[in-house]
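Enquirer: Next up, structure_28.txt (compact mmCIF, C-alpha atoms).
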```
# COMPACT_ATOMS: atom_id res chain seq x y z
CA MET V 1 0.00 0.00 0.00
CA GLY V 2 1.78 3.19 -1.11
CA SER V 3 0.79 6.77 -0.31
CA ILE V 4 -2.81 7.90 -0.65
CA ASN V 5 -3.80 9.79 -3.81
CA LEU V 6 -6.82 11.92 -2.96
CA LYS V 7 -7.28 13.11 -6.55
CA ARG V 8 -9.06 9.85 -7.25
CA ALA V 9 -11.53 10.20 -4.39
CA ASP V 10 -15.23 9.51 -4.89
CA PRO V 11 -17.12 11.65 -2.37
CA ASN V 12 -20.22 9.46 -2.59
CA PHE V 13 -18.47 6.27 -1.58
CA ARG V 14 -18.73 7.11 2.13
CA LYS V 15 -22.51 7.54 1.85
CA GLU V 16 -22.82 4.41 -0.24
CA LEU V 17 -21.04 2.44 2.51
CA ALA V 18 -22.97 4.03 5.38
CA SER V 19 -26.27 2.88 3.88
CA GLN V 20 -25.33 -0.81 3.88
CA PRO V 21 -25.06 -3.43 6.65
CA GLY V 22 -21.53 -3.29 8.05
CA GLY V 23 -20.93 0.29 6.96
CA GLU V 24 -23.33 2.10 9.29
CA ASN V 25 -20.97 3.23 12.02
CA ILE V 26 -17.71 3.48 10.15
CA SER V 27 -17.49 7.27 10.51
CA ALA V 28 -16.95 6.79 14.25
CA CYS V 29 -13.38 5.61 13.54
CA PHE V 30 -10.93 8.06 15.13
CA SER V 31 -7.79 6.30 13.82
CA CYS V 32 -6.49 4.99 17.14
CA ARG V 33 -4.97 1.97 15.32
CA ASN V 34 -6.14 -0.54 17.91
CA CYS V 35 -7.40 -2.63 14.98
CA THR V 36 -4.04 -2.76 13.22
CA ALA V 37 -2.16 -3.36 16.47
CA SER V 38 -4.44 -6.33 17.25
CA CYS V 39 -4.56 -7.80 13.75
CA PRO V 40 -2.94 -11.25 13.35
CA ILE V 41 -2.51 -10.63 9.62
CA SER V 42 -0.88 -7.20 9.98
CA ALA V 43 1.54 -8.91 12.38
CA VAL V 44 2.91 -11.09 9.58
CA ASN V 45 2.15 -9.04 6.46
CA ASP V 46 2.34 -5.24 6.31
CA THR V 47 0.30 -4.95 3.10
CA PHE V 48 -2.78 -5.53 5.26
CA ASN V 49 -3.60 -2.60 7.50
CA PRO V 50 -7.21 -2.27 8.75
CA VAL V 51 -7.02 1.38 9.86
CA LYS V 52 -5.60 2.36 6.48
CA ILE V 53 -8.39 0.52 4.66
CA ILE V 54 -10.98 2.31 6.80
CA ARG V 55 -9.37 5.72 6.13
CA MET V 56 -9.10 5.02 2.41
CA ALA V 57 -12.77 4.07 2.28
CA LEU V 58 -13.76 7.18 4.23
CA TYR V 59 -11.69 9.38 1.90
CA GLY V 60 -13.63 7.87 -0.98
CA LEU V 61 -10.82 5.88 -2.59
CA LYS V 62 -13.33 3.40 -3.91
CA GLU V 63 -11.34 1.93 -6.74
CA GLU V 64 -8.11 1.56 -4.74
CA VAL V 65 -9.97 -0.35 -2.05
CA LEU V 66 -12.33 -2.46 -4.13
CA LYS V 67 -9.74 -3.45 -6.72
CA SER V 68 -7.08 -4.26 -4.14
CA ASP V 69 -5.58 -7.62 -3.28
CA PHE V 70 -4.93 -6.61 0.34
CA LEU V 71 -8.65 -6.47 1.15
CA TRP V 72 -8.81 -10.25 0.80
CA LEU V 73 -6.16 -10.83 3.45
CA CYS V 74 -8.65 -10.08 6.25
CA SER V 75 -9.15 -13.39 8.10
CA SER V 76 -12.45 -12.17 9.64
CA CYS V 77 -11.19 -13.13 13.10
CA TYR V 78 -13.14 -10.24 14.74
CA THR V 79 -10.22 -9.24 16.98
CA CYS V 80 -10.32 -5.66 15.69
CA GLN V 81 -14.09 -5.42 16.03
CA GLU V 82 -14.04 -6.71 19.61
CA ARG V 83 -11.34 -4.22 20.60
CA CYS V 84 -12.49 -1.11 18.76
CA PRO V 85 -13.08 1.59 21.41
CA GLN V 86 -15.51 3.35 19.08
CA GLY V 87 -17.68 0.30 18.52
CA VAL V 88 -16.99 0.19 14.79
CA SER V 89 -18.03 -3.17 13.31
CA ILE V 90 -14.72 -3.46 11.48
CA THR V 91 -15.03 -7.14 10.52
CA GLU V 92 -18.55 -6.59 9.17
CA PHE V 93 -17.18 -3.60 7.29
CA MET V 94 -14.43 -5.71 5.70
CA THR V 95 -17.10 -8.24 4.69
CA LEU V 96 -19.12 -5.44 3.08
CA LEU V 97 -16.04 -4.25 1.16
CA LYS V 98 -15.30 -7.79 -0.03
CA ASN V 99 -18.91 -8.21 -1.21
CA LEU V 100 -18.64 -4.90 -3.11
CA ALA V 101 -15.27 -5.93 -4.56
CA VAL V 102 -16.90 -9.11 -5.94
CA LYS V 103 -19.51 -6.93 -7.68
CA GLU V 104 -16.59 -5.02 -9.26
CA GLY V 105 -15.12 -8.29 -10.51
CA ASN V 106 -12.40 -8.58 -7.85
CA MET V 107 -12.56 -12.06 -6.36
CA PRO V 108 -9.67 -14.45 -5.57
CA SER V 109 -10.00 -17.76 -7.38
CA GLY V 110 -10.10 -19.72 -4.09
CA ILE V 111 -13.06 -17.67 -2.84
CA ARG V 112 -14.80 -18.08 -6.20
CA ALA V 113 -14.25 -21.84 -6.07
CA GLN V 114 -15.81 -22.04 -2.61
CA ARG V 115 -18.83 -20.00 -3.69
CA ASP V 116 -19.34 -22.09 -6.83
CA LEU V 117 -19.02 -25.36 -4.91
CA ILE V 118 -21.61 -24.30 -2.35
CA LYS V 119 -24.05 -23.00 -4.95
CA GLY V 120 -23.56 -26.12 -7.07
CA GLU V 121 -23.10 -28.94 -4.57
CA GLY V 122 -24.23 -27.54 -1.21
CA ARG V 123 -20.82 -28.02 0.44
CA ILE V 124 -17.21 -26.88 0.05
CA TYR V 125 -16.02 -30.47 0.21
CA PRO V 126 -18.51 -32.51 -1.83
CA LEU V 127 -18.74 -36.14 -0.70
CA ASP V 128 -18.78 -39.27 -2.86
CA ASP V 129 -19.45 -42.98 -2.40
CA PHE V 130 -15.86 -43.54 -1.35
CA ASP V 131 -16.29 -41.06 1.55
CA ASN V 132 -19.40 -42.90 2.65
CA LYS V 133 -17.52 -46.20 2.50
CA LYS V 134 -14.91 -44.74 4.82
CA ARG V 135 -17.66 -43.37 7.07
CA ASN V 136 -19.37 -46.73 7.14
CA LYS V 137 -16.12 -48.45 8.05
CA ALA V 138 -15.64 -46.02 10.92
CA GLY V 139 -19.20 -46.68 12.13
CA LEU V 140 -20.52 -43.27 11.02
CA PRO V 141 -23.88 -42.74 9.28
CA PRO V 142 -23.88 -42.00 5.50
CA ILE V 143 -24.30 -38.46 4.16
CA PRO V 144 -26.20 -37.70 0.91
CA ILE V 145 -23.75 -37.21 -1.96
CA THR V 146 -26.05 -35.03 -4.02
CA CYS V 147 -27.81 -31.83 -3.04
CA ASP V 148 -30.79 -30.55 -5.00
CA VAL V 149 -31.90 -27.82 -2.64
CA VAL V 150 -29.13 -25.36 -3.65
CA LYS V 151 -30.56 -25.31 -7.17
CA LYS V 152 -33.87 -24.19 -5.71
CA LEU V 153 -32.29 -21.63 -3.37
CA PHE V 154 -29.98 -20.22 -6.07
CA PRO V 155 -31.69 -20.65 -9.46
CA GLU V 156 -29.43 -19.72 -12.40
CA MET P 1 -30.72 -33.72 26.21
CA LYS P 2 -31.28 -33.95 22.48
CA TYR P 3 -29.69 -31.96 19.66
CA ALA P 4 -29.57 -32.00 15.88
CA LEU P 5 -25.90 -32.69 15.13
CA TYR P 6 -24.66 -30.15 12.59
CA LEU P 7 -21.45 -31.42 10.95
CA GLY P 8 -20.92 -28.83 8.21
CA CYS P 9 -18.52 -29.44 5.30
CA THR P 10 -15.07 -29.96 6.78
CA ILE P 11 -15.84 -32.60 9.42
CA PRO P 12 -17.38 -35.37 7.26
CA ALA P 13 -14.71 -34.88 4.59
CA ARG P 14 -11.54 -34.18 6.57
CA SER P 15 -12.13 -34.66 10.32
CA ARG P 16 -13.84 -37.96 10.94
CA ASN P 17 -11.68 -38.24 14.08
CA TYR P 18 -13.52 -35.22 15.51
CA GLU P 19 -16.92 -36.63 14.62
CA LEU P 20 -16.12 -40.09 16.01
CA SER P 21 -14.81 -38.78 19.31
CA ALA P 22 -17.64 -36.25 19.69
CA ARG P 23 -20.24 -38.97 19.21
CA LYS P 24 -18.52 -41.18 21.82
CA VAL P 25 -18.31 -38.37 24.37
CA ALA P 26 -21.93 -37.34 23.75
CA GLU P 27 -23.18 -40.88 24.21
CA THR P 28 -21.20 -41.25 27.43
CA VAL P 29 -22.60 -38.13 29.08
CA GLY P 30 -26.16 -38.55 27.81
CA VAL P 31 -26.36 -36.07 24.96
CA GLU P 32 -28.43 -37.57 22.14
CA PHE P 33 -27.43 -36.52 18.62
CA VAL P 34 -30.00 -36.63 15.83
CA ASP P 35 -28.60 -36.68 12.27
CA VAL P 36 -30.48 -34.45 9.84
CA GLU P 37 -29.54 -35.75 6.40
CA GLU P 38 -30.60 -32.63 4.51
CA PHE P 39 -28.24 -30.22 6.30
CA VAL P 40 -26.06 -28.28 3.84
CA CYS P 41 -23.12 -25.86 4.20
CA CYS P 42 -23.73 -23.21 6.91
CA GLY P 43 -22.88 -20.46 4.43
CA PHE P 44 -19.78 -19.18 6.24
CA PRO P 45 -17.36 -19.65 3.31
CA MET P 46 -19.69 -17.56 1.14
CA LYS P 47 -19.94 -14.62 3.50
CA ALA P 48 -17.00 -12.82 1.88
CA SER P 49 -18.43 -13.11 -1.62
CA ASP P 50 -22.19 -13.02 -1.12
CA ILE P 51 -23.51 -12.34 2.37
CA LYS P 52 -27.17 -12.67 1.33
CA ALA P 53 -26.60 -16.16 -0.06
CA ALA P 54 -24.68 -17.06 3.11
CA GLU P 55 -27.63 -16.00 5.25
CA VAL P 56 -30.04 -18.06 3.17
CA MET P 57 -27.84 -21.14 3.59
CA GLY P 58 -27.70 -20.59 7.36
CA ALA P 59 -31.45 -20.02 7.59
CA TYR P 60 -32.19 -23.14 5.55
CA ASN P 61 -30.31 -25.27 8.09
CA LEU P 62 -32.05 -23.55 10.99
CA ALA P 63 -35.42 -24.21 9.33
CA LEU P 64 -34.59 -27.91 9.02
CA ALA P 65 -33.73 -28.13 12.72
CA GLU P 66 -36.89 -26.25 13.60
CA ARG P 67 -38.98 -28.68 11.52
CA ASN P 68 -37.50 -31.45 13.66
CA ASN P 69 -38.18 -29.49 16.87
CA LEU P 70 -34.50 -29.54 17.75
CA ASP P 71 -31.81 -27.11 18.77
CA ILE P 72 -28.49 -27.41 16.97
CA CYS P 73 -25.20 -28.75 18.34
CA VAL P 74 -22.23 -27.58 16.27
CA LEU P 75 -18.71 -29.00 16.27
CA CYS P 76 -17.09 -26.48 13.91
CA SER P 77 -16.50 -22.95 15.18
CA SER P 78 -17.14 -21.26 11.83
CA CYS P 79 -20.46 -23.07 11.53
CA ALA P 80 -21.19 -22.08 15.15
CA SER P 81 -20.62 -18.42 14.40
CA GLN P 82 -22.51 -18.40 11.11
CA LEU P 83 -25.56 -20.31 12.36
CA THR P 84 -25.64 -18.39 15.66
CA GLU P 85 -25.42 -15.10 13.79
CA VAL P 86 -28.26 -15.97 11.43
CA ALA P 87 -30.38 -17.28 14.34
CA HIS P 88 -29.64 -14.01 16.16
CA GLU P 89 -30.65 -11.92 13.11
CA LEU P 90 -33.84 -13.88 12.53
CA TYR P 91 -34.86 -14.35 16.16
CA GLU P 92 -37.49 -11.64 16.02
CA ASP P 93 -40.27 -11.46 13.51
CA GLY P 94 -39.65 -8.59 11.11
CA PRO P 95 -38.75 -7.56 7.57
CA LYS P 96 -35.42 -9.41 7.67
CA ARG P 97 -37.03 -12.77 8.47
CA GLU P 98 -39.77 -12.10 5.97
CA GLU P 99 -37.22 -11.44 3.23
CA ILE P 100 -35.27 -14.64 4.02
CA ASN P 101 -38.44 -16.69 4.25
CA LYS P 102 -39.46 -15.56 0.78
CA LEU P 103 -36.25 -17.16 -0.50
CA LEU P 104 -36.60 -20.26 1.69
CA LEU P 105 -40.06 -20.83 0.29
CA LYS P 106 -38.41 -21.92 -2.97
CA ALA P 107 -36.93 -24.83 -1.03
CA GLY P 108 -40.23 -25.54 0.70
CA VAL P 109 -39.23 -24.49 4.21
CA GLU P 110 -39.85 -21.58 6.55
CA TYR P 111 -38.04 -20.36 9.65
CA GLU P 112 -39.90 -19.00 12.67
CA GLY P 113 -36.96 -18.03 14.84
CA GLY P 114 -37.11 -20.83 17.37
CA VAL P 115 -33.73 -22.58 17.12
CA ARG P 116 -30.82 -22.21 19.54
CA VAL P 117 -27.32 -22.99 18.29
CA LYS P 118 -24.58 -24.17 20.66
CA HIS P 119 -21.06 -25.42 20.20
CA PHE P 120 -20.62 -28.90 21.69
CA ALA P 121 -17.91 -27.66 24.10
CA HIS P 122 -20.36 -25.18 25.58
CA ILE P 123 -23.07 -27.82 25.80
CA LEU P 124 -20.64 -30.00 27.74
CA LEU P 125 -19.67 -27.25 30.15
CA ASP P 126 -22.94 -25.34 30.54
CA GLU P 127 -25.54 -28.08 30.20
CA VAL P 128 -23.97 -31.46 30.91
CA GLY P 129 -21.83 -29.92 33.65
CA GLU P 130 -18.46 -30.72 35.20
CA GLU P 131 -19.87 -33.19 37.72
CA LYS P 132 -21.50 -35.45 35.18
CA ILE P 133 -18.34 -35.41 33.03
CA ARG P 134 -16.11 -36.19 36.01
CA GLU P 135 -18.32 -39.18 36.93
CA ASN P 136 -17.45 -40.75 33.59
CA LEU P 137 -13.70 -40.32 33.66
CA VAL P 138 -11.65 -43.48 34.19
CA ARG P 139 -8.15 -42.46 33.07
CA ASP P 140 -5.97 -39.81 34.67
CA LEU P 141 -4.24 -37.84 31.89
CA LYS P 142 -1.68 -36.26 34.25
CA ASP P 143 1.18 -36.71 31.79
CA LEU P 144 -0.46 -34.60 29.11
CA ARG P 145 0.56 -30.95 29.06
CA ILE P 146 -2.01 -29.18 26.92
CA ALA P 147 -1.87 -25.83 25.15
CA ALA P 148 -5.47 -24.88 24.36
CA HIS P 149 -6.39 -23.04 21.17
CA TYR P 150 -9.78 -21.29 21.26
CA GLY P 151 -9.77 -19.87 17.75
CA CYS P 152 -11.94 -16.96 16.69
CA HIS P 153 -15.45 -17.92 15.76
CA TYR P 154 -15.92 -20.12 18.82
CA LEU P 155 -16.05 -16.84 20.79
CA LYS P 156 -16.68 -14.03 18.32
CA PRO P 157 -18.45 -11.84 17.45
CA SER P 158 -19.28 -11.74 21.19
CA GLU P 159 -22.56 -9.88 20.63
CA ILE P 160 -24.19 -13.00 19.12
CA TYR P 161 -23.05 -15.40 21.86
CA ASP P 162 -24.44 -15.86 25.36
CA GLY P 163 -21.32 -14.64 27.14
CA SER P 164 -20.44 -17.89 28.89
CA ASP P 165 -16.85 -17.40 27.69
CA HIS P 166 -15.11 -14.03 27.82
CA VAL P 167 -13.55 -13.09 24.47
CA GLU P 168 -10.36 -11.71 26.05
CA ASP P 169 -10.11 -14.37 28.75
CA PRO P 170 -11.81 -17.57 27.61
CA LYS P 171 -11.74 -20.53 29.97
CA SER P 172 -14.14 -23.20 28.69
CA ILE P 173 -11.68 -25.49 26.87
CA GLU P 174 -9.12 -25.38 29.65
CA THR P 175 -11.81 -26.00 32.28
CA LEU P 176 -12.92 -29.12 30.43
CA VAL P 177 -9.36 -30.35 29.76
CA ALA P 178 -8.39 -29.81 33.42
CA LEU P 179 -11.12 -32.27 34.48
CA THR P 180 -9.04 -35.07 32.91
CA GLY P 181 -6.01 -34.40 35.12
CA ALA P 182 -4.00 -33.02 32.18
CA LYS P 183 -1.82 -30.02 32.93
CA ILE P 184 -2.90 -26.75 31.29
CA VAL P 185 -0.07 -24.81 29.68
CA ASP P 186 -0.60 -21.09 29.23
CA TYR P 187 1.28 -19.41 26.40
CA HIS P 188 1.79 -16.09 24.68
CA GLY P 189 -0.59 -15.58 21.77
CA LYS P 190 -3.24 -18.01 23.00
CA LYS P 191 -6.00 -15.92 21.43
CA ARG P 192 -4.36 -15.66 18.01
CA CYS P 193 -6.31 -16.69 14.91
CA CYS P 194 -5.23 -19.87 13.04
CA GLY P 195 -5.16 -17.99 9.71
CA GLY P 196 -7.55 -20.49 8.13
CA PRO P 197 -9.90 -18.11 6.28
CA VAL P 198 -6.90 -16.71 4.35
CA LEU P 199 -5.83 -20.18 3.15
CA PRO P 200 -7.95 -20.05 -0.06
CA VAL P 201 -6.62 -16.51 -0.77
CA VAL P 202 -2.86 -16.49 -0.11
CA GLU P 203 -1.59 -19.73 1.33
CA ASP P 204 1.77 -18.51 2.62
CA VAL P 205 0.19 -15.66 4.61
CA ALA P 206 -2.22 -18.14 6.23
CA LEU P 207 0.58 -20.54 7.07
CA SER P 208 2.75 -17.80 8.53
CA VAL P 209 -0.09 -16.90 10.93
CA ALA P 210 -0.38 -20.56 11.98
CA LYS P 211 3.39 -20.76 12.38
CA GLU P 212 3.41 -17.95 14.96
CA LYS P 213 1.29 -20.01 17.32
CA LEU P 214 3.27 -23.21 16.77
CA ASP P 215 6.43 -21.19 17.57
CA ASP P 216 4.88 -19.80 20.75
CA ILE P 217 3.73 -23.21 21.96
CA SER P 218 7.06 -24.81 21.19
CA LYS P 219 8.67 -22.40 23.67
CA THR P 220 6.61 -23.99 26.48
CA ASP P 221 6.67 -27.53 27.88
CA ALA P 222 3.32 -28.40 26.24
CA ASN P 223 3.30 -31.84 24.61
CA ALA P 224 0.01 -31.41 22.73
CA MET P 225 -2.40 -28.81 21.47
CA CYS P 226 -6.15 -29.02 22.04
CA LEU P 227 -8.80 -27.34 19.89
CA VAL P 228 -12.50 -27.33 18.99
CA CYS P 229 -12.65 -26.46 15.28
CA PRO P 230 -11.86 -28.65 12.25
CA PHE P 231 -10.50 -25.74 10.27
CA CYS P 232 -8.09 -24.72 13.02
CA SER P 233 -7.03 -28.37 12.98
CA VAL P 234 -6.40 -28.21 9.23
CA MET P 235 -4.03 -25.31 9.92
CA TYR P 236 -2.12 -26.81 12.86
CA ASP P 237 -2.37 -30.56 12.24
CA ASP P 238 -2.76 -31.12 8.47
CA ASN P 239 -0.43 -28.23 7.59
CA GLN P 240 2.13 -28.66 10.36
CA LYS P 241 4.51 -30.74 8.21
CA GLY P 242 4.26 -28.19 5.39
CA ILE P 243 5.08 -25.33 7.78
CA GLU P 244 8.02 -27.33 9.14
CA SER P 245 9.50 -27.86 5.71
CA GLU P 246 8.75 -24.32 4.48
CA TYR P 247 10.48 -22.76 7.49
CA ASP P 248 13.04 -25.51 8.06
CA THR P 249 11.95 -26.20 11.61
CA THR P 250 10.43 -29.06 13.65
CA TYR P 251 7.47 -28.99 16.01
CA ASN P 252 6.19 -32.56 16.08
CA LEU P 253 3.30 -31.27 18.19
CA PRO P 254 0.25 -33.56 18.28
CA VAL P 255 -3.02 -31.66 17.79
CA LEU P 256 -5.98 -33.20 19.61
CA TYR P 257 -9.64 -32.34 19.49
CA LEU P 258 -11.17 -31.55 22.87
CA THR P 259 -13.45 -34.54 22.38
CA GLN P 260 -10.41 -36.81 21.83
CA VAL P 261 -8.90 -35.62 25.13
CA LEU P 262 -12.19 -36.16 26.99
CA GLY P 263 -12.80 -39.49 25.24
CA LEU P 264 -9.32 -40.64 26.18
CA ALA P 265 -10.06 -39.87 29.84
CA MET P 266 -13.39 -41.71 29.45
CA GLY P 267 -11.48 -44.87 28.57
CA PHE P 268 -12.08 -45.18 24.82
CA ASP P 269 -9.43 -46.77 22.63
CA ARG P 270 -7.37 -45.20 19.84
CA LYS P 271 -9.58 -46.12 16.93
CA GLU P 272 -12.83 -45.31 18.73
CA LEU P 273 -11.56 -41.74 19.02
CA GLY P 274 -10.03 -41.66 15.54
CA LEU P 275 -6.61 -40.94 17.05
CA ASN P 276 -5.10 -42.98 14.20
CA MET P 277 -6.39 -40.29 11.78
CA ASN P 278 -4.59 -37.33 13.35
CA VAL P 279 -1.91 -36.19 10.93
CA VAL P 280 0.82 -35.49 13.49
CA LYS P 281 1.24 -38.91 15.09
CA THR P 282 -0.19 -39.32 18.58
CA LYS P 283 1.09 -42.83 19.23
CA GLU P 284 4.20 -41.93 21.20
CA LEU P 285 2.39 -39.29 23.24
CA LEU P 286 -0.36 -41.70 24.22
CA LEU P 287 1.70 -44.88 24.45
CA GLN P 288 1.05 -45.47 28.14
CA TYR P 289 -2.72 -45.55 27.58
CA PHE P 290 -2.67 -48.06 24.76
CA GLN P 291 0.20 -50.38 25.62
CA LYS P 292 -1.95 -53.48 25.27
CA GLU P 293 -3.16 -52.63 21.75
```
Let me see the file written as structure tokens.
Expert:
Amino acid sequence: MGSINLKRADPNFRKELASQPGGENISACFSCRNCTASCPISAVNDTFNPVKIIRMALYGLKEEVLKSDFLWLCSSCYTCQERCPQGVSITEFMTLLKNLAVKEGNMPSGIRAQRDLIKGEGRIYPLDDFDNKKRNKAGLPPIPITCDVVKKLFPE
Amino acid sequence: MKYALYLGCTIPARSRNYELSARKVAETVGVEFVDVEEFVCCGFPMKASDIKAAEVMGAYNLALAERNNLDICVLCSSCASQLTEVAHELYEDGPKREEINKLLLKAGVEYEGGVRVKHFAHILLDEVGEEKIRENLVRDLKDLRIAAHYGCHYLKPSEIYDGSDHVEDPKSIETLVALTGAKIVDYHGKKRCCGGPVLPVVEDVALSVAKEKLDDISKTDANAMCLVCPFCSVMYDDNQKGIESEYDTTYNLPVLYLTQVLGLAMGFDRKELGLNMNVVKTKELLLQYFQKE
């Protein structure tokens, strides 16, 4: 994450975020950096910095945030949210940003694969007859290997 | 005490040892598990990409439990957090529940807000109780020195949980492990995340988060780790060898599920608890308990 270029700011982004679940109380952030200090990802990788993401979003740097790779490093562990003295729902906010990034076409292939598996097969690790054989051998009940309900819940 | 057993995705595919040991422990202390065949993914892995779809998945599972007049017992912490959160959101009648129910109608179900979701560890501590567990213990595990890992979604976000564990000072896992006679080993970084949710995004970042905890524990005299989530186990058990070779180090730290520790103290054998399926070998650690086998 380099320096912030305010020339690219979109003044409406802040309002857009505030009107959606996870973005309601983001303006309460007073940049104390408790989130970044507590973050297990920031501890090992300095390209992820929650307070900087919040500031960038509040400045209206929509494209920089939503097209970024760093956004996807949030592990959604909730440590920042639990410790925020201003009661900002930081983890929910990161989830909102990720959802918006997907709408902009920014989605890591691993996250896409998980979504497609769930919408197609109902689970991230689809099971087959071989799994049920192993379950049977271990004395565990079988689990259906097909799932029709996701097609009803998420029609094409 | 009867619960619908919610397994989620990871346990039936990758953590049959957790399922086996949980079923044994439940049976021993009188918790009846009902299997609901139609359960699907809780929706957690979809939250980042499509939160609405994730909520619908969660609500569908809640509706199935409600149709069976059962509360849900969860073994996976991510499933616990996702299902608890959706139950929390849909507890009261209102536009949110109405909107979700419109979508659920396509699958022929409806949710009326009546299901409670609890992680099995909390059922053991809060509902079964220490006394009943102690009555069923036949082995003293005094030679085990356990570093507990709570993980994140077992405790957080705290606003959706009932507060029986404090986020900054959780005690439930250690309280249960201590019943077995095992020594509890405290360590720096006990509350740190396993890094699991980042694994499908950037593997080496996820593994470096997991490594920090393995490093911290290896500075203590702990001879095993104990946890309550299959995805945390993927990070510390399944990926431990990979972290060792990537960083040219050795931990050789067995990673046990809480239910394996309790089941061991209850007198079950290796295979009954799936201890043969743990990736980091447990044989040497547990040799004294299974000498005859």
Enquirer: Please return, as a list in words, all residues of chain P lying within 6 Å of chain V when only C-alpha atoms are considered.
Expert: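 Within 6 Å of chain V on chain P, we get Cys9, Val40, Cys41, Met46, Ala48, Ser49, Asp50, Lys106, Ala107, Cys152, Pro197, Val198, Pro200 and Val201 of chain P.
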Enquirer: Would you mind listing what lies within 12 Å of Lys219 in chain P as a list of chain:residue names, with all atoms listed in the file counted and same-chain residues fewer than 2 positions away left out?
Expert: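 So the residues in contact are P:Ala147, P:Val185, P:Asp186, P:Tyr187, P:His188, P:Gly189, P:Glu212, P:Lys213, P:Leu214, P:Asp215, P:Asp216, P:Ile217, P:Asp221, P:Ala222, P:Asn223, P:Tyr251, P:Leu253.
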Enquirer: Using CA of Pro21 in chain V and CA of Ile90 in chain V as the two end points, give the distance in Å to one decimal.
Expert: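 Computed distance, CA of Pro21 in chain V to CA of Ile90 in chain V, equals 11.4 Å.
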Enquirer: List as an mmCIF file with C-alpha atoms, in the coordinates of the input the residues having at least one atom at most 9 Å from position (-24.0, -37.2, 20.1) as given in the file, counting all atoms listed in the file.
Expert:
```
data_model
loop_
_atom_site.group_PDB
_atom_site.id
_atom_site.type_symbol
_atom_site.label_atom_id
_atom_site.label_comp_id
_atom_site.auth_asym_id
_atom_site.auth_seq_id
_atom_site.Cartn_x
_atom_site.Cartn_y
_atom_site.Cartn_z
ATOM 1 C CA LYS P 2 -31.280 -33.950 22.480
ATOM 2 C CA TYR P 3 -29.690 -31.960 19.660
ATOM 3 C CA ALA P 4 -29.570 -32.000 15.880
ATOM 4 C CA LEU P 5 -25.900 -32.690 15.130
ATOM 5 C CA GLU P 19 -16.920 -36.630 14.620
ATOM 6 C CA ALA P 22 -17.640 -36.250 19.690
ATOM 7 C CA ARG P 23 -20.240 -38.970 19.210
ATOM 8 C CA LYS P 24 -18.520 -41.180 21.820
ATOM 9 C CA VAL P 25 -18.310 -38.370 24.370
ATOM 10 C CA ALA P 26 -21.930 -37.340 23.750
ATOM 11 C CA GLU P 27 -23.180 -40.880 24.210
ATOM 12 C CA THR P 28 -21.200 -41.250 27.430
ATOM 13 C CA GLY P 30 -26.160 -38.550 27.810
ATOM 14 C CA VAL P 31 -26.360 -36.070 24.960
ATOM 15 C CA GLU P 32 -28.430 -37.570 22.140
ATOM 16 C CA PHE P 33 -27.430 -36.520 18.620
ATOM 17 C CA VAL P 34 -30.000 -36.630 15.830
ATOM 18 C CA CYS P 73 -25.200 -28.750 18.340
#
```
Enquirer: Just the number, please: distance in Å from CA of Tyr154 in chain P to CA of Ser81 in chain P, one decimal.
Expert: 6.7 Å
Enquirer: Quick one: residues within 9 Å of Arg14 in chain V, all atoms listed in the file, excluding same-chain residues fewer than 2 positions away - as an MDAnalysis selection string?
Expert: chainID V and resid 10:12 16:19 23 26:27 57:60 62
Enquirer: Can you tell me how far CA of Ala206 in chain P sits from CA of Val234 in chain P, in Å to one decimal?
Expert: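 According to the coordinates, CA of Ala206 in chain P and CA of Val234 in chain P are separated by 11.3 Å.
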Enquirer: Let me make sure I understand: among P:Glu110, P:Glu89, P:Asp238, P:Glu246, which one has the smallest atom-to-atom distance to Tyr60 in chain P if we use all atoms listed in the file?
Expert: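 Of P:Glu110, P:Glu89, P:Asp238, P:Glu246, the one nearest Tyr60 in chain P, counting all atoms listed in the file, is P:Glu110.
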Enquirer: Mind checking which residues fall within 10 Å of Arg139 in chain P, counting all atoms listed in the file, ignoring those fewer than 5 positions away in the same chain, and posting them as a PyMOL selection string?
Expert: chain P and resi 180-181+262-268+289
Enquirer: Neighbouring residues of Asp237 in chain P were defined as those with any atom within 7 Å, considering only C-alpha atoms; residues of the same chain fewer than 5 positions away were excluded. Please report them as a list of chain:residue names.
Expert: P:Val255, P:Val279, P:Val280
Enquirer: Return as JSON the centre and edge lengths, in Å with one decimal, of the box along x, y and z that encloses every atom of range 124-137 of chain P in the file, padded by 5 Å per side.
Expert:
```
{"center_x": -19.6, "center_y": -33.0, "center_z": 32.7, "size_x": 21.8, "size_y": 25.4, "size_z": 20.0}
```
Enquirer: At a cut-off of 7 Å, using all atoms listed in the file, what residues contact Leu155 in chain P? Leave out same-chain residues fewer than 2 positions from it and give the result as a PDB file with C-alpha atoms, keeping the file's coordinate frame.
Expert:
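Saved to selection_36.pdb:
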```
ATOM      1  CA  CYS P 152     -11.940 -16.960  16.690  1.00  0.00           C
ATOM      2  CA  HIS P 153     -15.450 -17.920  15.760  1.00  0.00           C
ATOM      3  CA  PRO P 157     -18.450 -11.840  17.450  1.00  0.00           C
ATOM      4  CA  SER P 158     -19.280 -11.740  21.190  1.00  0.00           C
ATOM      5  CA  ASP P 165     -16.850 -17.400  27.690  1.00  0.00           C
ATOM      6  CA  VAL P 167     -13.550 -13.090  24.470  1.00  0.00           C
TER       7      VAL P 167
END
```
Enquirer: Which one is closest to Arg14 in chain P: P:Cys76, P:Val209, P:Val29, P:Ile184? Count only C-alpha atoms.
Expert: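 Ranked by minimum distance to Arg14 in chain P, first place goes to P:Cys76.
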